[in-house]
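**Student:** Below: one structure in structure tokens.
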Amino acid sequence: MTIITLSHGTAIILFCIGLYTIISKRNLFKTVIGLSLMESSVLLLIVAAGFVQGGRPPILPIEGIAVNPLPHAFTLTAIVIGASDLALALAFVIKLHQRYKTVDLDKIRGLRG
Amino acid sequence: MISLLTVLIPLTWAFLIPLIHIFRKTWLKRAILLFGIAVFFVTISAAISGWKQSALSFLGGWPAELGIVLIVDKLSAAFLFLSAIGGGAAFLASYGRLKEGPWRYYVIFFLLQASMNGVLITGDIFNLYVFYEVFSLAAYLLVAFTISWQAIEAGLKYLVLGTIGAFFILLGIAYIFMATGSLNMAVLSLVLPHIPNEALTVIAASLLIGLFIKIGAFPVHFWLPDAHSSAQTAVSALLSGVVVKVSIYTLLRLSLLLFLETKPAVFTVITVVGTLSVLGGHLMALRQEDIKRLLAYSTVAQIGYVLIGVGTGMAAGISAAFFHAINHMFMKVGLFIAAGHIAEDMKTRNIYDLRGLYHHRRWFVIVFSLLTAAIVGIHPLGGFMSKWYLMLAATKAGNVIPALALAFGTVISAFYYMRVLSFFYSSGDPPPRQTYPYWNLAIAGACALCCVFLGIVPLVPSLWKLVSDIGLNAVDTAEYISTMLSK
């Protein structure tokens with residue numbers, strides 16, 4: 001089960017790195033990268049949940065034990081959602097860059113309070 | 001069947017509008033109005049279908065353990081009713097203002113309605129996440145729709161925080177799936193008590209952090225005032241009135257089904273966050289000079305009231321929370337539409353520049369005053385009644401400090417709303433121009449009348465029974481589970 005423990009650990013570390021990136025960095029592109037990291041980490045966790053020791057690909061005809069295909073379906077759905085979130089975020093960043101000529105969050109502070 | 005249509009019909013409209021725009025441009029004006037009315041009636045009829053007895057729809061004929069179930073029970077029905085009315089009012093306001101011009105706006109609007117209804121009726125936790133994200137994406141787009149720099153900035157802020165919240169919710173769902181291998185909410189409610197306590201704590205923490213960010217509760221509220229104040233008038237009304245309530249429904253449903261017996265600490269956390277929201281939201285609103293930001297901070301505080309009701313974890317508290325949610329929906333939709341119109345008409349949102357409004361916009365100010373009286377909680381109006389029941393429920397559950405915070409918050413809100421009204425009624429310069437906003441005035445006035453009517457509801461036993469049944473039904477998780485697993 002070591003590979004599973006390893007991937008769970010990786011997922012959690014990635015999640016924390018993503019969150020830290022969003023909180024600490026002032027560059028909007030880095031914020032988007034942080035979001036992407038958080039997404040990948042959760043997806044890694046879900047995919048790892050379908051792991052079966054010695055399992056085969058879940059394609060008919062199945063000989064022996066197959067891995068759980070359900071998490072793969074979830075992951076695909078979640079990837080689509082995450083991709084649309086990130087695309088929209090990048091579109092907003094580009095619009096902001098057109099106006100302010102910068103992606104530094106400290107110089108883009110129109111809304112306050 | 002009808003529950004599936006509440007999702008499918010708005011989705012179809014969102015797909016059809018671009019086609020109509022391409023092929024039959026002249027039909028667009030009538031078609032959009034017709035579509036809006038159709039969505040309203042379908043949502044209402046789905047709410048009615050689930051009221052007497054839970055209405056289930058098994059997608060693809062699979063039983064609940066394997067497939068996705070759509071279920072309308074009393075709690076869902078109540079929130080569907082709220083979403084239909086709030087969405088309808090926002091639709092009318094945007095139609096009156098924009099006509100059929102920006103057809104893309106209506107595509108996003110119907111997408112939002114479809115996914116909100118989906119969140120309200122789904123019985124599968126991953127399906128809930130998918131609908132939740134579709135509706136969040138539509139909300140980000142609606143906030144940024146005007147493409148002014150404030151709107152883009154507010155939209156980006158909303159998107160980043162909303163997406164962080166979404167990933168926390170997804171993390172919670174991933175842990176749930178790893179711990180139980182199931183995603184149906186009724187099945188989860190049965191198997192979650194058997195998993196280790198530490199795992200349950202992690203699941204509860206992930207879900208709560210995500211949902212609090214999405215709701216805009218106090219410590220993580222900073223996207224809400226920007227998003228709600230930078231959007232167009234009708235969108236602000238929709239966000240404050242309905243979108244936030246759908247998030248509260250999610251919190252209510254998940255906390256009741258998954259954590260009511262296994263982890264009572266969840267409800268303590270909800271109460272604490274609610275109390276903080278009440279105090280923080282009101283104190284921040286006190287400092288605002290921008291009328292739409294003031295209303296947005298007031299929304300943070302009103303969410304706190306609803307959370308205090310949810311945090312009691314008792315039937316009375318949940319009924320009161322729903323009653324406050326529907327009251328707040330009417331009050332905030334009316335206030336945002338009135339304030340948004342005033343701001344557009346006078347070309348300023350600063351309350352110091354709105355002096356003497358009463359002498360030039362008499363009816364607007366009268367409607368605004370009535371709604372303000374309702375939200376502060378003047379006696380015969382709806383706001384008083386819901387706060388009264390919230391205080392009763394909180395004290396009964398032993399949460400004395402939240403009940404006191406509720407009363408204290410009301411005093412602060414009276415102070416800052418009085419300040420706005422005192423500017424309106426003082427004498428000042430005449431406004432630059434006059435438009436005749438019958439449409440907005442009618443919607444805001446109708447909301448004000450509904451507030452007066454909701455003040456009567458608790459006095460009529462047969463009407464109050466409808467509200468108190470919602471709470472009784474919501475805490476009766478055994479019935480929800482048995483209906484869902486009946487097939």
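Chain lettering (A, B, ...) mirrors the order of the structure tokens, residue numbering begins at 1 for each chain separately, and ligand numbering begins at 1 in order of display.
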For chain A, list the residues within 6 Å of chain B, counting only C-alpha atoms, and write the list as a VMD selection string.

**Tutor:** chain A and resid 42 46 49

**Student:** Only N, CA and C atoms, please: the residues just picked out, written as a short mmCIF file (atom, residue, chain, number, x, y, z; two decimals), in the first residue's frame.

**Tutor:**
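Okay, again.cif is ready:
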data_model
loop_
_atom_site.label_atom_id
_atom_site.label_comp_id
_atom_site.auth_asym_id
_atom_site.auth_seq_id
_atom_site.Cartn_x
_atom_site.Cartn_y
_atom_site.Cartn_z
N VAL A 42 -6.52 17.55 -5.67
CA VAL A 42 -7.76 16.86 -5.30
C VAL A 42 -8.05 15.74 -6.30
N ILE A 46 -8.68 11.71 -5.72
CA ILE A 46 -9.84 10.93 -6.15
C ILE A 46 -9.40 9.73 -6.98
N ALA A 49 -8.19 6.95 -4.98
CA ALA A 49 -9.24 6.24 -4.26
C ALA A 49 -9.73 5.02 -5.04
#

**Student:** Give me, as a tab-separated table (two decimals) with all heavy atoms, in the first residue's frame, all polymer residues having an atom no more than 12 Å from range 452-468 of chain B, counting only C-alpha atoms and skipping those fewer than 2 positions away in the same chain.

**Tutor:**
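Saved result, result18.tsv, follows:
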chain	number	residue	atom	x	y	z
B	51	TRP	N	-44.35	19.04	-2.13
B	51	TRP	CA	-44.74	19.56	-0.82
B	51	TRP	C	-45.44	18.52	0.04
B	51	TRP	O	-45.05	18.24	1.16
B	51	TRP	CB	-45.61	20.81	-0.99
B	51	TRP	CG	-45.92	21.42	0.32
B	51	TRP	CD1	-47.06	21.26	1.04
B	51	TRP	CD2	-45.06	22.23	1.12
B	51	TRP	NE1	-46.95	21.92	2.22
B	51	TRP	CE2	-45.74	22.53	2.30
B	51	TRP	CE3	-43.77	22.73	0.93
B	51	TRP	CZ2	-45.19	23.31	3.29
B	51	TRP	CZ3	-43.22	23.51	1.93
B	51	TRP	CH2	-43.92	23.80	3.09
B	52	LYS	N	-46.52	17.91	-0.51
B	52	LYS	CA	-47.32	16.95	0.28
B	52	LYS	C	-46.52	15.71	0.60
B	52	LYS	O	-46.51	15.20	1.70
B	52	LYS	CB	-48.58	16.58	-0.50
B	52	LYS	CG	-49.69	17.62	-0.36
B	52	LYS	CD	-50.67	17.21	0.74
B	52	LYS	CE	-51.44	18.39	1.30
B	52	LYS	NZ	-52.14	19.17	0.29
B	74	LYS	N	-39.75	18.64	1.55
B	74	LYS	CA	-40.29	19.95	1.94
B	74	LYS	C	-39.22	21.03	1.94
B	74	LYS	O	-39.46	22.16	1.51
B	74	LYS	CB	-40.94	19.86	3.32
B	74	LYS	CG	-42.37	19.41	3.28
B	74	LYS	CD	-43.15	19.99	4.43
B	74	LYS	CE	-44.62	19.61	4.35
B	74	LYS	NZ	-44.87	18.20	4.67
B	75	LEU	N	-38.00	20.67	2.41
B	75	LEU	CA	-36.93	21.67	2.47
B	75	LEU	C	-36.56	22.13	1.06
B	75	LEU	O	-36.46	23.33	0.79
B	75	LEU	CB	-35.73	21.06	3.18
B	75	LEU	CG	-34.58	22.00	3.52
B	75	LEU	CD1	-35.02	23.03	4.51
B	75	LEU	CD2	-33.41	21.23	4.08
B	77	ALA	N	-38.45	21.91	-1.57
B	77	ALA	CA	-39.61	22.61	-2.14
B	77	ALA	C	-39.62	24.06	-1.68
B	77	ALA	O	-39.85	24.98	-2.48
B	77	ALA	CB	-40.90	21.91	-1.73
B	78	ALA	N	-39.34	24.27	-0.37
B	78	ALA	CA	-39.35	25.63	0.15
B	78	ALA	C	-38.31	26.48	-0.55
B	78	ALA	O	-38.57	27.62	-0.95
B	78	ALA	CB	-39.09	25.60	1.66
B	79	PHE	N	-37.10	25.92	-0.73
B	79	PHE	CA	-36.05	26.71	-1.36
B	79	PHE	C	-36.29	26.86	-2.86
B	79	PHE	O	-35.90	27.87	-3.44
B	79	PHE	CB	-34.67	26.10	-1.07
B	79	PHE	CG	-34.10	26.56	0.24
B	79	PHE	CD1	-34.37	25.87	1.41
B	79	PHE	CD2	-33.33	27.69	0.33
B	79	PHE	CE1	-33.87	26.29	2.62
B	79	PHE	CE2	-32.83	28.13	1.53
B	79	PHE	CZ	-33.10	27.43	2.69
B	314	MET	N	-32.26	22.50	15.44
B	314	MET	CA	-33.60	22.07	15.87
B	314	MET	C	-34.63	22.52	14.84
B	314	MET	O	-34.38	23.43	14.06
B	314	MET	CB	-33.95	22.69	17.22
B	314	MET	CG	-33.03	22.32	18.34
B	314	MET	SD	-33.71	22.85	19.91
B	314	MET	CE	-34.34	24.47	19.54
B	315	ALA	N	-35.79	21.86	14.88
B	315	ALA	CA	-36.83	22.15	13.89
B	315	ALA	C	-37.22	23.63	13.94
B	315	ALA	O	-37.33	24.29	12.90
B	315	ALA	CB	-38.04	21.28	14.15
B	316	ALA	N	-37.40	24.17	15.18
B	316	ALA	CA	-37.85	25.56	15.29
B	316	ALA	C	-36.82	26.51	14.69
B	316	ALA	O	-37.18	27.46	13.97
B	316	ALA	CB	-38.08	25.89	16.76
B	317	GLY	N	-35.53	26.22	14.95
B	317	GLY	CA	-34.47	27.09	14.44
B	317	GLY	C	-34.41	27.06	12.94
B	317	GLY	O	-34.21	28.10	12.29
B	318	ILE	N	-34.60	25.86	12.34
B	318	ILE	CA	-34.50	25.76	10.89
B	318	ILE	C	-35.69	26.43	10.22
B	318	ILE	O	-35.54	27.10	9.19
B	318	ILE	CB	-34.32	24.29	10.49
B	318	ILE	CG1	-32.92	23.86	10.90
B	318	ILE	CG2	-34.50	24.08	9.01
B	318	ILE	CD1	-32.77	22.42	11.09
B	319	SER	N	-36.88	26.27	10.83
B	319	SER	CA	-38.04	26.99	10.28
B	319	SER	C	-37.80	28.49	10.31
B	319	SER	O	-38.06	29.19	9.33
B	319	SER	CB	-39.29	26.71	11.11
B	319	SER	OG	-39.59	25.37	11.07
B	320	ALA	N	-37.28	28.97	11.46
B	320	ALA	CA	-37.03	30.41	11.58
B	320	ALA	C	-35.97	30.84	10.58
B	320	ALA	O	-36.08	31.91	9.97
B	320	ALA	CB	-36.60	30.74	13.00
B	321	ALA	N	-34.94	29.98	10.38
B	321	ALA	CA	-33.88	30.33	9.43
B	321	ALA	C	-34.46	30.44	8.03
B	321	ALA	O	-34.16	31.39	7.29
B	321	ALA	CB	-32.77	29.29	9.46
B	322	PHE	N	-35.32	29.49	7.66
B	322	PHE	CA	-35.92	29.59	6.33
B	322	PHE	C	-36.81	30.82	6.22
B	322	PHE	O	-36.80	31.52	5.21
B	322	PHE	CB	-36.75	28.34	5.99
B	322	PHE	CG	-37.50	28.53	4.70
B	322	PHE	CD1	-36.81	28.52	3.50
B	322	PHE	CD2	-38.85	28.79	4.69
B	322	PHE	CE1	-37.48	28.74	2.31
B	322	PHE	CE2	-39.52	29.02	3.50
B	322	PHE	CZ	-38.83	29.00	2.31
B	323	PHE	N	-37.57	31.08	7.29
B	323	PHE	CA	-38.47	32.24	7.26
B	323	PHE	C	-37.65	33.52	7.11
B	323	PHE	O	-38.02	34.43	6.35
B	323	PHE	CB	-39.30	32.26	8.55
B	323	PHE	CG	-40.45	33.23	8.51
B	323	PHE	CD1	-41.32	33.23	7.45
B	323	PHE	CD2	-40.65	34.12	9.55
B	323	PHE	CE1	-42.38	34.12	7.41
B	323	PHE	CE2	-41.70	35.00	9.51
B	323	PHE	CZ	-42.58	35.01	8.45
B	324	HIS	N	-36.50	33.57	7.79
B	324	HIS	CA	-35.66	34.76	7.63
B	324	HIS	C	-35.06	34.81	6.24
B	324	HIS	O	-34.93	35.89	5.66
B	324	HIS	CB	-34.56	34.80	8.68
B	324	HIS	CG	-33.89	36.14	8.75
B	324	HIS	ND1	-34.52	37.24	9.27
B	324	HIS	CD2	-32.70	36.56	8.32
B	324	HIS	CE1	-33.73	38.28	9.15
B	324	HIS	NE2	-32.62	37.90	8.58
B	325	ALA	N	-34.72	33.63	5.69
B	325	ALA	CA	-34.14	33.60	4.34
B	325	ALA	C	-35.13	34.16	3.33
B	325	ALA	O	-34.76	34.97	2.48
B	325	ALA	CB	-33.72	32.18	3.97
B	326	ILE	N	-36.40	33.77	3.44
B	326	ILE	CA	-37.36	34.23	2.43
B	326	ILE	C	-37.68	35.71	2.66
B	326	ILE	O	-37.83	36.48	1.71
B	326	ILE	CB	-38.60	33.33	2.38
B	326	ILE	CG1	-39.35	33.56	1.07
B	326	ILE	CG2	-39.54	33.55	3.53
B	326	ILE	CD1	-40.23	32.44	0.67
B	327	ASN	N	-37.72	36.12	3.94
B	327	ASN	CA	-37.91	37.54	4.24
B	327	ASN	C	-36.78	38.36	3.65
B	327	ASN	O	-37.01	39.39	3.02
B	327	ASN	CB	-37.87	37.75	5.76
B	327	ASN	CG	-39.23	37.84	6.34
B	327	ASN	OD1	-40.10	38.44	5.75
B	327	ASN	ND2	-39.43	37.23	7.49
B	328	HIS	N	-35.55	37.86	3.90
B	328	HIS	CA	-34.38	38.61	3.43
B	328	HIS	C	-34.37	38.65	1.92
B	328	HIS	O	-33.96	39.64	1.32
B	328	HIS	CB	-33.11	37.95	3.96
B	328	HIS	CG	-31.87	38.60	3.45
B	328	HIS	ND1	-30.97	37.95	2.67
B	328	HIS	CD2	-31.41	39.85	3.59
B	328	HIS	CE1	-29.99	38.78	2.36
B	328	HIS	NE2	-30.23	39.94	2.91
B	329	MET	N	-34.85	37.56	1.28
B	329	MET	CA	-34.91	37.55	-0.19
B	329	MET	C	-35.78	38.71	-0.68
B	329	MET	O	-35.34	39.51	-1.51
B	329	MET	CB	-35.45	36.21	-0.66
B	329	MET	CG	-35.35	35.97	-2.13
B	329	MET	SD	-36.82	36.50	-2.98
B	329	MET	CE	-37.92	35.17	-2.56
B	330	PHE	N	-36.99	38.84	-0.12
B	330	PHE	CA	-37.87	39.93	-0.57
B	330	PHE	C	-37.26	41.29	-0.26
B	330	PHE	O	-37.24	42.19	-1.09
B	330	PHE	CB	-39.24	39.82	0.11
B	330	PHE	CG	-40.13	38.81	-0.53
B	330	PHE	CD1	-40.61	37.73	0.19
B	330	PHE	CD2	-40.49	38.92	-1.86
B	330	PHE	CE1	-41.42	36.79	-0.41
B	330	PHE	CE2	-41.30	37.99	-2.46
B	330	PHE	CZ	-41.77	36.92	-1.73
B	331	MET	N	-36.71	41.44	0.97
B	331	MET	CA	-36.21	42.75	1.38
B	331	MET	C	-35.02	43.16	0.53
B	331	MET	O	-34.96	44.29	0.04
B	331	MET	CB	-35.81	42.71	2.86
B	331	MET	CG	-36.98	42.38	3.76
B	331	MET	SD	-36.62	42.41	5.51
B	331	MET	CE	-35.53	41.07	5.75
B	367	VAL	N	-41.03	53.47	-0.78
B	367	VAL	CA	-40.83	52.02	-0.87
B	367	VAL	C	-39.53	51.62	-0.16
B	367	VAL	O	-39.48	50.65	0.60
B	367	VAL	CB	-40.81	51.58	-2.35
B	367	VAL	CG1	-40.29	50.17	-2.49
B	367	VAL	CG2	-42.19	51.67	-2.94
B	370	LEU	N	-39.98	51.60	3.55
B	370	LEU	CA	-40.75	50.45	4.03
B	370	LEU	C	-39.84	49.21	4.10
B	370	LEU	O	-39.85	48.47	5.10
B	370	LEU	CB	-41.94	50.21	3.10
B	370	LEU	CG	-42.97	49.20	3.57
B	370	LEU	CD1	-43.54	49.64	4.90
B	370	LEU	CD2	-44.08	49.07	2.55
B	371	LEU	N	-39.05	49.02	3.03
B	371	LEU	CA	-38.15	47.86	3.01
B	371	LEU	C	-37.10	47.97	4.11
B	371	LEU	O	-36.74	46.98	4.75
B	371	LEU	CB	-37.47	47.76	1.65
B	371	LEU	CG	-38.38	47.32	0.51
B	371	LEU	CD1	-37.76	47.65	-0.82
B	371	LEU	CD2	-38.64	45.84	0.60
B	372	THR	N	-36.60	49.19	4.34
B	372	THR	CA	-35.62	49.40	5.40
B	372	THR	C	-36.22	49.07	6.76
B	372	THR	O	-35.59	48.40	7.58
B	372	THR	CB	-35.17	50.87	5.39
B	372	THR	OG1	-34.79	51.20	4.08
B	372	THR	CG2	-34.05	51.10	6.32
B	373	ALA	N	-37.46	49.51	6.95
B	373	ALA	CA	-38.14	49.21	8.22
B	373	ALA	C	-38.26	47.71	8.39
B	373	ALA	O	-38.08	47.17	9.49
B	373	ALA	CB	-39.52	49.86	8.24
B	374	ALA	N	-38.53	46.99	7.28
B	374	ALA	CA	-38.67	45.54	7.38
B	374	ALA	C	-37.34	44.90	7.73
B	374	ALA	O	-37.28	43.99	8.56
B	374	ALA	CB	-39.20	44.98	6.06
B	375	ILE	N	-36.24	45.36	7.11
B	375	ILE	CA	-34.95	44.68	7.33
B	375	ILE	C	-34.40	45.00	8.71
B	375	ILE	O	-33.74	44.18	9.34
B	375	ILE	CB	-33.96	45.03	6.20
B	375	ILE	CG1	-32.93	43.90	6.07
B	375	ILE	CG2	-33.24	46.33	6.44
B	375	ILE	CD1	-32.13	43.97	4.83
B	377	GLY	N	-36.38	45.50	11.27
B	377	GLY	CA	-37.21	44.72	12.17
B	377	GLY	C	-38.17	45.58	12.97
B	377	GLY	O	-38.25	45.46	14.19
B	378	ILE	N	-38.89	46.46	12.28
B	378	ILE	CA	-39.94	47.24	12.95
B	378	ILE	C	-41.14	46.32	13.12
B	378	ILE	O	-41.41	45.49	12.24
B	378	ILE	CB	-40.31	48.48	12.12
B	378	ILE	CG1	-39.06	49.29	11.80
B	378	ILE	CG2	-41.35	49.33	12.84
B	378	ILE	CD1	-38.42	49.97	12.96
B	379	HIS	N	-41.89	46.49	14.19
B	379	HIS	CA	-42.76	45.44	14.66
B	379	HIS	C	-43.66	44.69	13.66
B	379	HIS	O	-43.46	43.50	13.50
B	379	HIS	CB	-43.58	45.88	15.85
B	379	HIS	CG	-44.66	44.90	16.18
B	379	HIS	ND1	-44.36	43.57	16.44
B	379	HIS	CD2	-45.98	45.01	16.21
B	379	HIS	CE1	-45.48	42.93	16.64
B	379	HIS	NE2	-46.47	43.76	16.51
B	380	PRO	N	-44.62	45.29	12.96
B	380	PRO	CA	-45.55	44.36	12.28
B	380	PRO	C	-44.98	43.74	11.01
B	380	PRO	O	-45.64	42.91	10.41
B	380	PRO	CB	-46.75	45.26	11.95
B	380	PRO	CG	-46.23	46.63	11.94
B	380	PRO	CD	-44.95	46.68	12.68
B	381	LEU	N	-43.77	44.10	10.61
B	381	LEU	CA	-43.26	43.63	9.31
B	381	LEU	C	-42.53	42.29	9.43
B	381	LEU	O	-42.26	41.82	10.53
B	381	LEU	CB	-42.33	44.69	8.72
B	381	LEU	CG	-43.02	46.02	8.45
B	381	LEU	CD1	-42.00	47.10	8.23
B	381	LEU	CD2	-43.92	45.90	7.26
B	382	GLY	N	-42.25	41.70	8.24
B	382	GLY	CA	-41.69	40.36	8.22
B	382	GLY	C	-40.37	40.21	8.96
B	382	GLY	O	-40.13	39.22	9.64
B	383	GLY	N	-39.49	41.21	8.83
B	383	GLY	CA	-38.17	41.13	9.45
B	383	GLY	C	-38.24	40.96	10.95
B	383	GLY	O	-37.46	40.21	11.54
B	384	PHE	N	-39.19	41.63	11.57
B	384	PHE	CA	-39.33	41.49	13.02
B	384	PHE	C	-39.69	40.06	13.39
B	384	PHE	O	-39.12	39.47	14.29
B	384	PHE	CB	-40.40	42.45	13.55
B	384	PHE	CG	-40.77	42.18	14.98
B	384	PHE	CD1	-39.96	42.63	16.00
B	384	PHE	CD2	-41.90	41.44	15.29
B	384	PHE	CE1	-40.28	42.36	17.32
B	384	PHE	CE2	-42.22	41.17	16.61
B	384	PHE	CZ	-41.41	41.63	17.61
B	385	MET	N	-40.68	39.52	12.65
B	385	MET	CA	-41.19	38.20	12.99
B	385	MET	C	-40.08	37.15	12.89
B	385	MET	O	-39.91	36.32	13.78
B	385	MET	CB	-42.33	37.82	12.05
B	385	MET	CG	-43.57	38.66	12.27
B	385	MET	SD	-44.24	38.39	13.92
B	385	MET	CE	-45.59	39.54	13.94
B	386	SER	N	-39.31	37.21	11.78
B	386	SER	CA	-38.30	36.15	11.62
B	386	SER	C	-37.21	36.29	12.67
B	386	SER	O	-36.74	35.31	13.22
B	386	SER	CB	-37.74	36.16	10.21
B	386	SER	OG	-37.29	37.44	9.87
B	387	LYS	N	-36.82	37.55	12.99
B	387	LYS	CA	-35.79	37.71	14.02
B	387	LYS	C	-36.30	37.24	15.38
B	387	LYS	O	-35.56	36.65	16.17
B	387	LYS	CB	-35.36	39.17	14.11
B	387	LYS	CG	-34.42	39.57	13.01
B	387	LYS	CD	-33.96	40.98	13.19
B	387	LYS	CE	-33.32	41.49	11.93
B	387	LYS	NZ	-33.02	42.90	12.00
B	388	TRP	N	-37.57	37.49	15.63
B	388	TRP	CA	-38.18	37.07	16.89
B	388	TRP	C	-38.10	35.55	17.02
B	388	TRP	O	-37.67	35.01	18.05
B	388	TRP	CB	-39.63	37.55	16.92
B	388	TRP	CG	-40.44	37.04	18.06
B	388	TRP	CD1	-41.44	36.13	18.02
B	388	TRP	CD2	-40.32	37.43	19.44
B	388	TRP	NE1	-41.94	35.91	19.25
B	388	TRP	CE2	-41.28	36.70	20.15
B	388	TRP	CE3	-39.48	38.32	20.12
B	388	TRP	CZ2	-41.44	36.82	21.53
B	388	TRP	CZ3	-39.64	38.45	21.49
B	388	TRP	CH2	-40.61	37.71	22.16
B	389	TYR	N	-38.48	34.83	15.95
B	389	TYR	CA	-38.45	33.37	16.02
B	389	TYR	C	-37.02	32.85	16.09
B	389	TYR	O	-36.75	31.84	16.75
B	389	TYR	CB	-39.21	32.76	14.85
B	389	TYR	CG	-40.70	32.79	15.09
B	389	TYR	CD1	-41.52	33.73	14.49
B	389	TYR	CD2	-41.28	31.88	15.97
B	389	TYR	CE1	-42.87	33.77	14.74
B	389	TYR	CE2	-42.63	31.92	16.23
B	389	TYR	CZ	-43.43	32.86	15.61
B	389	TYR	OH	-44.75	32.90	15.88
B	393	ALA	N	-35.66	30.51	19.08
B	393	ALA	CA	-35.05	29.20	18.83
B	393	ALA	C	-33.64	29.16	19.40
B	393	ALA	O	-33.24	28.16	20.01
B	393	ALA	CB	-35.02	28.92	17.33
B	445	GLY	N	-41.91	47.75	-5.06
B	445	GLY	CA	-43.14	47.91	-4.30
B	445	GLY	C	-43.77	46.56	-3.98
B	445	GLY	O	-44.24	46.34	-2.86
B	446	ALA	N	-43.75	45.65	-4.96
B	446	ALA	CA	-44.31	44.32	-4.72
B	446	ALA	C	-43.53	43.60	-3.63
B	446	ALA	O	-44.12	42.94	-2.76
B	446	ALA	CB	-44.28	43.49	-6.01
B	447	CYS	N	-42.20	43.77	-3.64
B	447	CYS	CA	-41.39	43.16	-2.58
B	447	CYS	C	-41.76	43.73	-1.22
B	447	CYS	O	-41.85	43.00	-0.22
B	447	CYS	CB	-39.91	43.39	-2.85
B	447	CYS	SG	-39.28	42.43	-4.20
B	448	ALA	N	-41.97	45.05	-1.18
B	448	ALA	CA	-42.34	45.69	0.09
B	448	ALA	C	-43.67	45.15	0.58
B	448	ALA	O	-43.84	44.85	1.78
B	448	ALA	CB	-42.39	47.20	-0.09
B	449	LEU	N	-44.64	44.98	-0.34
B	449	LEU	CA	-45.94	44.45	0.07
B	449	LEU	C	-45.81	43.02	0.58
B	449	LEU	O	-46.47	42.64	1.56
B	449	LEU	CB	-46.91	44.49	-1.11
B	449	LEU	CG	-47.40	45.89	-1.48
B	449	LEU	CD1	-48.38	45.81	-2.64
B	449	LEU	CD2	-48.06	46.55	-0.29
B	450	CYS	N	-44.92	42.23	-0.06
B	450	CYS	CA	-44.70	40.86	0.41
B	450	CYS	C	-44.14	40.86	1.82
B	450	CYS	O	-44.47	39.99	2.63
B	450	CYS	CB	-43.76	40.13	-0.52
B	450	CYS	SG	-44.52	39.66	-2.04
B	470	ILE	N	-41.58	22.86	7.57
B	470	ILE	CA	-40.30	22.75	6.86
B	470	ILE	C	-39.21	22.30	7.82
B	470	ILE	O	-38.44	21.37	7.53
B	470	ILE	CB	-39.93	24.11	6.23
B	470	ILE	CG1	-40.94	24.49	5.17
B	470	ILE	CG2	-38.54	24.08	5.64
B	470	ILE	CD1	-40.84	25.92	4.74
B	471	GLY	N	-39.15	22.93	9.00
B	471	GLY	CA	-38.13	22.57	9.98
B	471	GLY	C	-38.31	21.15	10.47
B	471	GLY	O	-37.35	20.38	10.57
B	472	LEU	N	-39.58	20.77	10.77
B	472	LEU	CA	-39.85	19.42	11.27
B	472	LEU	C	-39.41	18.39	10.25
B	472	LEU	O	-38.81	17.37	10.57
B	472	LEU	CB	-41.35	19.26	11.56
B	472	LEU	CG	-41.85	19.98	12.80
B	472	LEU	CD1	-43.36	19.86	12.89
B	472	LEU	CD2	-41.19	19.40	14.03
B	473	ASN	N	-39.74	18.68	8.97
B	473	ASN	CA	-39.38	17.75	7.91
B	473	ASN	C	-37.87	17.68	7.70
B	473	ASN	O	-37.32	16.61	7.42
B	473	ASN	CB	-40.09	18.18	6.62
B	473	ASN	CG	-39.86	17.22	5.50
B	473	ASN	OD1	-39.00	17.47	4.67
B	473	ASN	ND2	-40.57	16.12	5.49
B	474	ALA	N	-37.20	18.84	7.88
B	474	ALA	CA	-35.76	18.88	7.60
B	474	ALA	C	-34.98	18.07	8.63
B	474	ALA	O	-34.02	17.39	8.28
B	474	ALA	CB	-35.27	20.32	7.58
B	475	VAL	N	-35.38	18.11	9.91
B	475	VAL	CA	-34.61	17.37	10.91
B	475	VAL	C	-34.98	15.89	10.92
B	475	VAL	O	-34.28	15.08	11.51
B	475	VAL	CB	-34.79	17.94	12.34
B	475	VAL	CG1	-34.12	19.29	12.44
B	475	VAL	CG2	-36.24	18.01	12.72

**Student:** Can you list, as a list in words, every protein, DNA or RNA residue that comes within 6 Å of range 2-15 of chain A when you count only C-alpha atoms, leaving out same-chain residues fewer than 2 positions away?

**Tutor:**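 Near neighbours after the sequence-gap exclusion: Ile17, Gly18, Met38, Ser41 and Leu45 of chain A.
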
**Student:** Restricted to N, CA, C and O atoms, what would the selected residues look like written as a CSV table (one decimal), in the first residue's frame?

**Tutor:**
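That gives us out34.csv:
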chain,number,residue,atom,x,y,z
A,17,ILE,N,0.6,23.5,-1.0
A,17,ILE,CA,1.4,24.4,-1.8
A,17,ILE,C,0.5,25.4,-2.7
A,17,ILE,O,0.8,26.6,-2.7
A,18,GLY,N,-0.5,24.8,-3.3
A,18,GLY,CA,-1.5,25.6,-4.1
A,18,GLY,C,-2.1,26.7,-3.2
A,18,GLY,O,-2.1,27.9,-3.6
A,38,MET,N,-4.1,23.3,-6.8
A,38,MET,CA,-5.1,22.8,-5.8
A,38,MET,C,-6.0,21.8,-6.5
A,38,MET,O,-6.4,20.7,-6.0
A,41,SER,N,-4.3,18.4,-7.2
A,41,SER,CA,-4.1,17.6,-6.0
A,41,SER,C,-5.4,16.9,-5.6
A,41,SER,O,-5.3,15.7,-5.3
A,45,LEU,N,-6.1,12.8,-5.5
A,45,LEU,CA,-6.7,12.0,-4.4
A,45,LEU,C,-7.8,11.2,-4.8
A,45,LEU,O,-8.0,10.0,-4.4

**Student:** Hey, what does DSSP flag as helix (DSSP H, G or I) within range 251-446 of chain B? Can you give it to me as a PyMOL selection string?

**Tutor:** chain B and resi 251-259+265-286+291-311+315-346+351-354+357-359+362-376+382-396+400-425+438-446
